[in-house]
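> What follows is my_file15.pdb, made up of PDB, C-alpha atoms, pLDDT in the B column:
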MODEL        1
ATOM      1  CA  MET U  55     -25.133-124.214 -25.846  1.00 85.00           C
ATOM      2  CA  THR U  56     -26.450-122.165 -22.893  1.00 91.00           C
ATOM      3  CA  ARG U  57     -24.774-121.205 -19.647  1.00 92.00           C
ATOM      4  CA  ASP U  58     -26.994-123.756 -17.885  1.00 94.00           C
ATOM      5  CA  ASP U  59     -25.723-126.448 -20.268  1.00 93.00           C
ATOM      6  CA  LEU U  60     -22.135-125.468 -19.520  1.00 94.00           C
ATOM      7  CA  HIS U  61     -22.861-125.383 -15.796  1.00 93.00           C
ATOM      8  CA  ALA U  62     -24.059-128.994 -15.989  1.00 93.00           C
ATOM      9  CA  LEU U  63     -20.974-129.971 -17.997  1.00 92.00           C
ATOM     10  CA  ALA U  64     -18.741-128.273 -15.446  1.00 92.00           C
ATOM     11  CA  ARG U  65     -20.377-130.171 -12.591  1.00 90.00           C
ATOM     12  CA  ALA U  66     -19.937-133.394 -14.545  1.00 89.00           C
ATOM     13  CA  ALA U  67     -16.239-132.589 -14.985  1.00 87.00           C
ATOM     14  CA  GLN U  68     -15.906-132.635 -11.190  1.00 87.00           C
ATOM     15  CA  THR U  69     -17.497-136.055 -10.811  1.00 87.00           C
ATOM     16  CA  ALA U  70     -14.959-138.764 -10.119  1.00 82.00           C
ATOM     17  CA  GLY U  71     -14.895-141.532 -12.711  1.00 84.00           C
ATOM     18  CA  THR U  72     -16.678-139.437 -15.309  1.00 85.00           C
ATOM     19  CA  PRO U  73     -14.758-138.768 -18.528  1.00 87.00           C
ATOM     20  CA  PRO U  74     -14.095-135.081 -19.140  1.00 89.00           C
ATOM     21  CA  PRO U  75     -16.709-133.436 -21.364  1.00 91.00           C
ATOM     22  CA  PRO U  76     -15.306-133.219 -24.891  1.00 93.00           C
ATOM     23  CA  PRO U  77     -14.971-129.856 -26.600  1.00 94.00           C
ATOM     24  CA  PRO U  78     -18.073-128.898 -28.550  1.00 93.00           C
ATOM     25  CA  PRO U  79     -17.839-129.069 -32.337  1.00 92.00           C
ATOM     26  CA  GLY U  80     -16.667-126.041 -34.250  1.00 92.00           C
ATOM     27  CA  LEU U  81     -13.814-124.919 -31.995  1.00 94.00           C
ATOM     28  CA  ASP U  82     -10.458-124.101 -33.540  1.00 94.00           C
ATOM     29  CA  ALA U  83      -7.221-125.548 -32.140  1.00 94.00           C
ATOM     30  CA  ALA U  84      -6.540-122.796 -29.594  1.00 93.00           C
ATOM     31  CA  ALA U  85     -10.107-122.800 -28.302  1.00 95.00           C
ATOM     32  CA  THR U  86      -9.994-126.598 -28.041  1.00 96.00           C
ATOM     33  CA  ILE U  87      -6.833-126.371 -25.912  1.00 95.00           C
ATOM     34  CA  MET U  88      -8.491-123.727 -23.730  1.00 96.00           C
ATOM     35  CA  TRP U  89     -11.582-125.917 -23.307  1.00 96.00           C
ATOM     36  CA  ARG U  90      -9.559-128.977 -22.299  1.00 96.00           C
ATOM     37  CA  THR U  91      -7.372-127.117 -19.810  1.00 96.00           C
ATOM     38  CA  THR U  92     -10.394-125.398 -18.282  1.00 96.00           C
ATOM     39  CA  VAL U  93     -12.166-128.721 -17.823  1.00 95.00           C
ATOM     40  CA  ALA U  94      -8.992-130.218 -16.287  1.00 94.00           C
ATOM     41  CA  SER U  95      -8.746-127.282 -13.891  1.00 95.00           C
ATOM     42  CA  LEU U  96     -12.372-127.806 -12.844  1.00 93.00           C
ATOM     43  CA  ALA U  97     -11.746-131.490 -12.199  1.00 91.00           C
ATOM     44  CA  ALA U  98      -8.846-130.616  -9.883  1.00 91.00           C
ATOM     45  CA  LEU U  99     -10.907-128.123  -7.897  1.00 90.00           C
ATOM     46  CA  GLN U 100     -11.835-129.835  -4.639  1.00 83.00           C
ATOM     47  CA  PRO U 101     -12.850-128.379  -1.265  1.00 83.00           C
ATOM     48  CA  LEU U 102     -10.640-128.525   1.793  1.00 81.00           C
ATOM     49  CA  GLY U 103     -13.584-127.945   4.108  1.00 82.00           C
ATOM     50  CA  ILE U 104     -12.586-124.797   5.989  1.00 85.00           C
ATOM     51  CA  ASP U 105     -14.667-121.814   7.062  1.00 84.00           C
ATOM     52  CA  GLY U 106     -15.330-119.281   4.333  1.00 86.00           C
ATOM     53  CA  GLU U 107     -14.184-121.597   1.572  1.00 90.00           C
ATOM     54  CA  HIS U 108     -17.573-122.511   0.114  1.00 92.00           C
ATOM     55  CA  ALA U 109     -18.472-119.095  -1.335  1.00 94.00           C
ATOM     56  CA  LEU U 110     -14.990-118.544  -2.786  1.00 95.00           C
ATOM     57  CA  LEU U 111     -14.925-122.015  -4.341  1.00 93.00           C
ATOM     58  CA  ASP U 112     -18.354-121.406  -5.860  1.00 94.00           C
ATOM     59  CA  ALA U 113     -17.165-118.092  -7.291  1.00 96.00           C
ATOM     60  CA  TYR U 114     -14.079-119.776  -8.767  1.00 96.00           C
ATOM     61  CA  PHE U 115     -16.238-122.549 -10.220  1.00 95.00           C
ATOM     62  CA  GLU U 116     -18.524-119.950 -11.840  1.00 96.00           C
ATOM     63  CA  ALA U 117     -15.462-118.186 -13.296  1.00 97.00           C
ATOM     64  CA  HIS U 118     -14.561-121.463 -15.011  1.00 97.00           C
ATOM     65  CA  VAL U 119     -18.111-121.683 -16.404  1.00 97.00           C
ATOM     66  CA  ASP U 120     -17.777-118.090 -17.664  1.00 96.00           C
ATOM     67  CA  LEU U 121     -14.542-119.085 -19.399  1.00 97.00           C
ATOM     68  CA  LEU U 122     -16.229-122.076 -21.040  1.00 97.00           C
ATOM     69  CA  LEU U 123     -18.997-119.712 -22.176  1.00 96.00           C
ATOM     70  CA  ALA U 124     -16.433-117.311 -23.663  1.00 96.00           C
ATOM     71  CA  ILE U 125     -14.864-120.235 -25.544  1.00 96.00           C
ATOM     72  CA  VAL U 126     -18.198-121.428 -26.905  1.00 95.00           C
ATOM     73  CA  GLU U 127     -19.385-117.936 -27.861  1.00 92.00           C
ATOM     74  CA  GLU U 128     -16.279-117.443 -30.021  1.00 83.00           C
ATOM     75  CA  ARG U 129     -17.319-120.207 -32.372  1.00 73.00           C
ATOM     76  CA  PRO U 130     -17.975-118.997 -35.933  1.00 65.00           C
TER      77      PRO U 130
ATOM     78  CA  MET Y 213      19.425-106.238   7.209  1.00 81.00           C
ATOM     79  CA  ILE Y 214      16.771-108.502   5.735  1.00 90.00           C
ATOM     80  CA  ARG Y 215      14.441-110.056   8.302  1.00 95.00           C
ATOM     81  CA  TYR Y 216      12.323-113.171   7.917  1.00 97.00           C
ATOM     82  CA  SER Y 217       8.881-113.696   9.398  1.00 97.00           C
ATOM     83  CA  LEU Y 218       6.306-116.451   9.775  1.00 97.00           C
ATOM     84  CA  ASP Y 219       4.922-115.420   6.385  1.00 96.00           C
ATOM     85  CA  ASP Y 220       8.315-116.119   4.791  1.00 97.00           C
ATOM     86  CA  LEU Y 221       8.443-119.513   6.488  1.00 97.00           C
ATOM     87  CA  LEU Y 222       4.964-120.419   5.207  1.00 97.00           C
ATOM     88  CA  ALA Y 223       5.824-119.112   1.744  1.00 95.00           C
ATOM     89  CA  ALA Y 224       8.926-121.339   1.773  1.00 96.00           C
ATOM     90  CA  TYR Y 225       6.752-124.377   2.521  1.00 96.00           C
ATOM     91  CA  THR Y 226       4.299-123.409  -0.228  1.00 93.00           C
ATOM     92  CA  ARG Y 227       7.119-123.048  -2.770  1.00 93.00           C
ATOM     93  CA  ALA Y 228       8.635-126.390  -1.772  1.00 94.00           C
ATOM     94  CA  ALA Y 229       5.214-128.055  -2.005  1.00 91.00           C
ATOM     95  CA  GLY Y 230       4.406-126.554  -5.383  1.00 87.00           C
ATOM     96  CA  ARG Y 231       5.810-126.938  -8.855  1.00 86.00           C
ATOM     97  CA  PRO Y 232       9.388-125.648  -8.982  1.00 89.00           C
ATOM     98  CA  LEU Y 233      10.299-122.774 -11.274  1.00 86.00           C
ATOM     99  CA  TYR Y 234       9.921-123.971 -14.876  1.00 83.00           C
ATOM    100  CA  GLY Y 235       9.566-127.523 -13.514  1.00 85.00           C
ATOM    101  CA  LEU Y 236      13.349-127.697 -13.009  1.00 90.00           C
ATOM    102  CA  ALA Y 237      14.630-130.231 -10.472  1.00 93.00           C
ATOM    103  CA  ALA Y 238      17.440-127.856  -9.451  1.00 95.00           C
ATOM    104  CA  TYR Y 239      14.847-125.363  -8.191  1.00 95.00           C
ATOM    105  CA  LYS Y 240      13.042-128.126  -6.303  1.00 96.00           C
ATOM    106  CA  VAL Y 241      16.320-128.873  -4.484  1.00 96.00           C
ATOM    107  CA  TRP Y 242      16.790-125.157  -3.787  1.00 97.00           C
ATOM    108  CA  ASP Y 243      13.223-124.711  -2.515  1.00 97.00           C
ATOM    109  CA  GLU Y 244      13.699-127.654  -0.147  1.00 97.00           C
ATOM    110  CA  HIS Y 245      17.035-126.261   1.045  1.00 98.00           C
ATOM    111  CA  VAL Y 246      15.394-122.915   1.862  1.00 97.00           C
ATOM    112  CA  LEU Y 247      12.550-124.629   3.698  1.00 97.00           C
ATOM    113  CA  GLU Y 248      14.858-126.851   5.756  1.00 98.00           C
ATOM    114  CA  SER Y 249      17.022-123.873   6.685  1.00 98.00           C
ATOM    115  CA  MET Y 250      13.980-121.822   7.661  1.00 97.00           C
ATOM    116  CA  CYS Y 251      12.617-124.649   9.814  1.00 98.00           C
ATOM    117  CA  ARG Y 252      15.946-124.963  11.653  1.00 98.00           C
ATOM    118  CA  CYS Y 253      16.172-121.197  12.054  1.00 98.00           C
ATOM    119  CA  PHE Y 254      12.652-120.867  13.499  1.00 97.00           C
ATOM    120  CA  GLY Y 255      12.905-124.125  15.453  1.00 97.00           C
ATOM    121  CA  VAL Y 256       9.724-125.605  13.998  1.00 97.00           C
ATOM    122  CA  SER Y 257       8.694-128.639  11.981  1.00 96.00           C
ATOM    123  CA  PHE Y 258       5.947-129.311   9.469  1.00 96.00           C
ATOM    124  CA  GLU Y 259       6.143-133.044  10.154  1.00 94.00           C
ATOM    125  CA  GLY Y 260       3.829-135.234  12.210  1.00 92.00           C
ATOM    126  CA  ASP Y 261       0.074-135.596  12.587  1.00 91.00           C
ATOM    127  CA  ILE Y 262      -0.237-132.368  14.529  1.00 89.00           C
ATOM    128  CA  ALA Y 263       0.897-130.358  11.521  1.00 93.00           C
ATOM    129  CA  ALA Y 264      -1.319-132.218   9.033  1.00 94.00           C
ATOM    130  CA  PRO Y 265      -4.024-129.494   8.817  1.00 94.00           C
ATOM    131  CA  LEU Y 266      -1.327-126.860   8.347  1.00 96.00           C
ATOM    132  CA  ARG Y 267       0.343-128.865   5.581  1.00 95.00           C
ATOM    133  CA  ALA Y 268      -3.046-129.428   3.924  1.00 93.00           C
ATOM    134  CA  ALA Y 269      -3.849-125.705   3.876  1.00 93.00           C
ATOM    135  CA  LEU Y 270      -0.439-124.746   2.485  1.00 94.00           C
ATOM    136  CA  GLU Y 271      -0.468-127.499  -0.111  1.00 91.00           C
ATOM    137  CA  ARG Y 272      -3.931-126.418  -1.182  1.00 90.00           C
ATOM    138  CA  ALA Y 273      -2.655-122.856  -1.540  1.00 90.00           C
ATOM    139  CA  ALA Y 274       0.192-124.180  -3.682  1.00 89.00           C
ATOM    140  CA  HIS Y 275      -2.056-126.301  -5.887  1.00 88.00           C
ATOM    141  CA  VAL Y 276      -5.247-124.349  -6.526  1.00 92.00           C
ATOM    142  CA  PRO Y 277      -5.719-125.329 -10.161  1.00 93.00           C
ATOM    143  CA  HIS Y 278      -5.655-122.850 -13.033  1.00 94.00           C
ATOM    144  CA  PRO Y 279      -6.371-123.640 -16.685  1.00 95.00           C
ATOM    145  CA  LEU Y 280      -2.995-122.279 -17.812  1.00 94.00           C
ATOM    146  CA  SER Y 281      -0.813-123.468 -14.932  1.00 87.00           C
ATOM    147  CA  GLU Y 282       1.034-126.024 -17.070  1.00 83.00           C
ATOM    148  CA  PHE Y 283       1.876-123.554 -19.823  1.00 85.00           C
ATOM    149  CA  LEU Y 284       5.277-121.880 -20.093  1.00 79.00           C
ATOM    150  CA  GLU Y 285       3.945-119.558 -22.774  1.00 86.00           C
ATOM    151  CA  ALA Y 286       0.263-118.821 -23.292  1.00 91.00           C
ATOM    152  CA  THR Y 287       0.151-115.294 -24.665  1.00 92.00           C
ATOM    153  CA  LEU Y 288      -2.153-116.256 -27.526  1.00 92.00           C
ATOM    154  CA  LEU Y 289      -4.726-117.803 -25.199  1.00 93.00           C
ATOM    155  CA  ILE Y 290      -4.402-115.030 -22.610  1.00 94.00           C
ATOM    156  CA  ARG Y 291      -5.052-112.334 -25.219  1.00 94.00           C
ATOM    157  CA  ARG Y 292      -7.941-114.176 -26.759  1.00 94.00           C
ATOM    158  CA  PHE Y 293      -9.767-114.943 -23.515  1.00 95.00           C
ATOM    159  CA  GLU Y 294      -8.365-112.049 -21.505  1.00 95.00           C
ATOM    160  CA  SER Y 295     -11.542-110.863 -19.838  1.00 95.00           C
ATOM    161  CA  ALA Y 296     -12.684-114.286 -18.625  1.00 96.00           C
ATOM    162  CA  LEU Y 297      -9.146-115.229 -17.551  1.00 97.00           C
ATOM    163  CA  ASP Y 298      -8.717-111.968 -15.615  1.00 96.00           C
ATOM    164  CA  ALA Y 299     -11.932-112.611 -13.688  1.00 97.00           C
ATOM    165  CA  LEU Y 300     -10.904-116.216 -13.060  1.00 97.00           C
ATOM    166  CA  GLY Y 301      -7.465-115.118 -11.860  1.00 97.00           C
ATOM    167  CA  ALA Y 302      -8.950-112.648  -9.376  1.00 97.00           C
ATOM    168  CA  ARG Y 303     -11.184-115.341  -7.892  1.00 97.00           C
ATOM    169  CA  ARG Y 304      -8.277-117.750  -7.696  1.00 97.00           C
ATOM    170  CA  THR Y 305      -6.277-115.143  -5.796  1.00 97.00           C
ATOM    171  CA  ALA Y 306      -9.129-114.772  -3.286  1.00 96.00           C
ATOM    172  CA  LEU Y 307      -9.168-118.533  -2.740  1.00 95.00           C
ATOM    173  CA  VAL Y 308      -5.378-118.783  -2.336  1.00 94.00           C
ATOM    174  CA  THR Y 309      -5.476-115.884   0.133  1.00 95.00           C
ATOM    175  CA  LEU Y 310      -8.087-117.718   2.204  1.00 95.00           C
ATOM    176  CA  TYR Y 311      -5.905-120.838   2.360  1.00 94.00           C
ATOM    177  CA  ARG Y 312      -2.839-118.780   3.325  1.00 95.00           C
ATOM    178  CA  GLU Y 313      -4.715-116.934   6.069  1.00 95.00           C
ATOM    179  CA  HIS Y 314      -6.112-120.211   7.356  1.00 95.00           C
ATOM    180  CA  ALA Y 315      -2.599-121.701   7.369  1.00 96.00           C
ATOM    181  CA  ARG Y 316      -1.246-118.647   9.201  1.00 96.00           C
ATOM    182  CA  ALA Y 317      -3.860-119.025  11.938  1.00 96.00           C
ATOM    183  CA  LEU Y 318      -3.059-122.743  12.267  1.00 96.00           C
ATOM    184  CA  ALA Y 319       0.677-122.034  12.453  1.00 97.00           C
ATOM    185  CA  ILE Y 320       0.229-119.454  15.225  1.00 97.00           C
ATOM    186  CA  ALA Y 321      -2.010-121.865  17.127  1.00 96.00           C
ATOM    187  CA  GLN Y 322       0.637-124.578  16.796  1.00 95.00           C
ATOM    188  CA  TRP Y 323       3.869-122.653  17.301  1.00 96.00           C
ATOM    189  CA  GLY Y 324       2.769-119.421  18.967  1.00 96.00           C
ATOM    190  CA  GLU Y 325       3.887-116.021  17.712  1.00 94.00           C
ATOM    191  CA  LEU Y 326       7.300-116.517  16.116  1.00 96.00           C
ATOM    192  CA  SER Y 327       9.663-113.586  16.307  1.00 96.00           C
ATOM    193  CA  GLU Y 328      11.421-112.465  13.143  1.00 97.00           C
ATOM    194  CA  ARG Y 329      14.819-113.901  12.242  1.00 97.00           C
ATOM    195  CA  THR Y 330      17.712-112.073  10.642  1.00 97.00           C
ATOM    196  CA  GLU Y 331      19.609-113.095   7.540  1.00 96.00           C
ATOM    197  CA  ASP Y 332      22.631-113.892   9.726  1.00 96.00           C
ATOM    198  CA  GLU Y 333      20.495-116.239  11.830  1.00 97.00           C
ATOM    199  CA  LEU Y 334      19.207-117.906   8.679  1.00 97.00           C
ATOM    200  CA  ARG Y 335      22.756-118.370   7.395  1.00 97.00           C
ATOM    201  CA  ALA Y 336      23.767-119.808  10.771  1.00 97.00           C
ATOM    202  CA  ALA Y 337      20.938-122.342  10.342  1.00 97.00           C
ATOM    203  CA  GLY Y 338      22.530-123.547   7.109  1.00 97.00           C
ATOM    204  CA  TRP Y 339      20.989-121.346   4.456  1.00 97.00           C
ATOM    205  CA  ASP Y 340      23.503-120.887   1.652  1.00 96.00           C
ATOM    206  CA  PRO Y 341      22.451-118.411  -1.040  1.00 93.00           C
ATOM    207  CA  ALA Y 342      25.323-119.647  -3.232  1.00 94.00           C
ATOM    208  CA  GLN Y 343      23.285-122.838  -3.778  1.00 94.00           C
ATOM    209  CA  GLU Y 344      20.514-120.956  -5.593  1.00 94.00           C
ATOM    210  CA  PRO Y 345      20.416-122.160  -9.218  1.00 93.00           C
ATOM    211  CA  LYS Y 346      21.231-119.691 -11.987  1.00 91.00           C
ATOM    212  CA  LEU Y 347      18.500-119.850 -14.585  1.00 87.00           C
ATOM    213  CA  ASP Y 348      20.996-119.275 -17.405  1.00 86.00           C
ATOM    214  CA  ASP Y 349      22.539-122.664 -16.565  1.00 87.00           C
ATOM    215  CA  TYR Y 350      19.251-124.436 -17.331  1.00 87.00           C
ATOM    216  CA  ILE Y 351      17.987-122.713 -20.467  1.00 83.00           C
ATOM    217  CA  ASP Y 352      18.429-125.902 -22.502  1.00 81.00           C
ATOM    218  CA  ASP Y 353      16.297-127.843 -19.993  1.00 79.00           C
ATOM    219  CA  ILE Y 354      13.292-125.511 -20.206  1.00 74.00           C
TER     220      ILE Y 354
ENDMDL
END
Render the structure in this file as structure tokens.


Amino acid sequence: MTRDDLHALARAAQTAGTPPPPPPPGLDAAATIMWRTTVASLAALQPLGIDGEHALLDAYFEAHVDLLLAIVEERP
Amino acid sequence: MIRYSLDDLLAAYTRAAGRPLYGLAAYKVWDEHVLESMCRCFGVSFEGDIAAPLRAALERAAHVPHPLSEFLEATLLIRRFESALDALGARRTALVTLYREHARALAIAQWGELSERTEDELRAAGWDPAQEPKLDDYIDDI
């Protein structure tokens, strides 16, 4: 699973009406919890629409993708 | 003598809008008491359409999501994913700071520059520190 794959999953997690992406196979219990909470956090991340927000929101979104990548890369 | 500023007033709103300490209802009541006292002391209100953008900015600051925000104890996860969580936390802080600064600018535009208030003035407005919950009284509820 590449960073691009995770990026697409993260975008999907923010789409209203779309079920949250399930954890990939092979994760242990703690990593599964981390995956689910990260996806939930992404889904709750919505813009307010003020000046200067866009770049900071993007950076925060990418930090979530980095966390998903760290979770996936820990798989045995 | 402790003095209270606009930043303390906005922080009081953010605390009252957010999740109370350990999710305890007693702290929600306390947070609302502090906010109401502060509003009386400064002579301002967060109510009405005119304050809607200000409320939105402060509520956003209070509710920027975080993967571990619902956890009372997450040491295992924090240690395991420390590097990624540290980076995420720093970016969250930047976002919260933006919302707070935006709210501060809106508040000044709406109310003007508010002078500081003293603790005595806050008490005269109804603030009663004796009402603050003692965490030891709620250990069984956490």

> With all atoms listed in the file as the basis for distance, which of Y:Ala319, Y:Glu328, Y:Trp339, Y:Ala268 is at the shortest distance from chain U?

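Closest candidate: Y:Ala268.
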
> Just so the selection is clear, what residues does the ChimeraX specification (/U :<6) & /Y cover here, as a ChimeraX atom specification?

/Y:277-279,296,300,303,307

> What's around Leu218 in chain Y at 10 Å? Count all atoms listed in the file, leave out sequence neighbours fewer than 5 positions away in its own chain, and write the answer as a compact mmCIF listing (two decimals) with C-alpha atoms, keeping the file's coordinate frame.


# COMPACT_ATOMS: atom_id res chain seq x y z
CA ALA Y 223 5.82 -119.11 1.74
CA ALA Y 224 8.93 -121.34 1.77
CA MET Y 250 13.98 -121.82 7.66
CA PHE Y 254 12.65 -120.87 13.50
CA ARG Y 316 -1.25 -118.65 9.20
CA ALA Y 319 0.68 -122.03 12.45
CA ILE Y 320 0.23 -119.45 15.22
CA GLU Y 325 3.89 -116.02 17.71
CA LEU Y 326 7.30 -116.52 16.12
CA SER Y 327 9.66 -113.59 16.31
CA GLU Y 328 11.42 -112.46 13.14
CA ARG Y 329 14.82 -113.90 12.24

> So what do you get for CA of Met213 in chain Y versus CA of Val246 in chain Y, distance-wise?

18.0 Å

> Taking all atoms of range 279-288 of chain Y that the file lists and extending 4 Å past them on each side, where is the centre of the axis-aligned box and how long are its edges? Answer in Å to one decimal, as AutoDock Vina command-line options.


--center_x -0.5 --center_y -120.7 --center_z -21.2 --size_x 19.6 --size_y 18.7 --size_z 20.6

> For range 232-241 of chain Y in the structure I just supplied, write out all heavy atoms - as a short mmCIF file (atom, residue, chain, number, x, y, z; two decimals), in the first residue's frame.


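Result saved to result_32.cif:
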data_model
loop_
_atom_site.label_atom_id
_atom_site.label_comp_id
_atom_site.auth_asym_id
_atom_site.auth_seq_id
_atom_site.Cartn_x
_atom_site.Cartn_y
_atom_site.Cartn_z
N PRO Y 232 -15.68 18.85 28.30
CA PRO Y 232 -15.20 19.20 29.64
C PRO Y 232 -14.12 18.23 30.11
O PRO Y 232 -13.99 17.13 29.56
CB PRO Y 232 -16.46 19.08 30.51
CG PRO Y 232 -17.35 18.14 29.77
CD PRO Y 232 -17.06 18.34 28.30
N LEU Y 233 -13.38 18.63 31.11
CA LEU Y 233 -12.31 17.80 31.65
C LEU Y 233 -12.83 16.40 31.96
O LEU Y 233 -13.82 16.24 32.69
CB LEU Y 233 -11.75 18.46 32.92
CG LEU Y 233 -10.49 17.83 33.51
CD1 LEU Y 233 -9.31 17.94 32.55
CD2 LEU Y 233 -10.14 18.48 34.84
N TYR Y 234 -12.18 15.40 31.38
CA TYR Y 234 -12.54 13.99 31.56
C TYR Y 234 -14.01 13.71 31.21
O TYR Y 234 -14.58 12.70 31.64
CB TYR Y 234 -12.26 13.53 33.00
CG TYR Y 234 -10.78 13.56 33.33
CD1 TYR Y 234 -10.28 14.47 34.25
CD2 TYR Y 234 -9.89 12.70 32.69
CE1 TYR Y 234 -8.92 14.51 34.53
CE2 TYR Y 234 -8.54 12.75 32.97
CZ TYR Y 234 -8.06 13.66 33.90
OH TYR Y 234 -6.72 13.70 34.17
N GLY Y 235 -14.64 14.59 30.45
CA GLY Y 235 -16.03 14.38 30.05
C GLY Y 235 -17.01 14.52 31.21
O GLY Y 235 -18.17 14.12 31.09
N LEU Y 236 -16.58 15.10 32.32
CA LEU Y 236 -17.43 15.19 33.52
C LEU Y 236 -18.39 16.36 33.43
O LEU Y 236 -17.99 17.50 33.17
CB LEU Y 236 -16.55 15.35 34.76
CG LEU Y 236 -15.70 14.12 35.13
CD1 LEU Y 236 -14.66 14.49 36.20
CD2 LEU Y 236 -16.60 12.99 35.63
N ALA Y 237 -19.68 16.07 33.72
CA ALA Y 237 -20.71 17.12 33.64
C ALA Y 237 -20.42 18.26 34.62
O ALA Y 237 -20.73 19.42 34.34
CB ALA Y 237 -22.07 16.50 33.94
N ALA Y 238 -19.84 17.93 35.77
CA ALA Y 238 -19.55 18.96 36.78
C ALA Y 238 -18.60 20.03 36.20
O ALA Y 238 -18.73 21.22 36.52
CB ALA Y 238 -18.94 18.33 38.02
N TYR Y 239 -17.66 19.59 35.37
CA TYR Y 239 -16.73 20.55 34.77
C TYR Y 239 -17.40 21.35 33.66
O TYR Y 239 -17.01 22.49 33.39
CB TYR Y 239 -15.47 19.84 34.27
CG TYR Y 239 -14.50 19.57 35.40
CD1 TYR Y 239 -14.51 18.34 36.04
CD2 TYR Y 239 -13.62 20.55 35.84
CE1 TYR Y 239 -13.66 18.09 37.10
CE2 TYR Y 239 -12.77 20.31 36.91
CZ TYR Y 239 -12.79 19.08 37.54
OH TYR Y 239 -11.96 18.85 38.60
N LYS Y 240 -18.38 20.76 33.01
CA LYS Y 240 -19.16 21.51 32.01
C LYS Y 240 -19.89 22.67 32.70
O LYS Y 240 -19.90 23.80 32.21
CB LYS Y 240 -20.17 20.57 31.33
CG LYS Y 240 -20.95 21.19 30.20
CD LYS Y 240 -20.06 21.33 28.99
CE LYS Y 240 -20.81 21.89 27.79
NZ LYS Y 240 -19.87 22.26 26.72
N VAL Y 241 -20.52 22.36 33.85
CA VAL Y 241 -21.22 23.39 34.63
C VAL Y 241 -20.24 24.48 35.05
O VAL Y 241 -20.54 25.68 34.95
CB VAL Y 241 -21.90 22.75 35.86
CG1 VAL Y 241 -22.46 23.82 36.78
CG2 VAL Y 241 -23.01 21.79 35.42
#
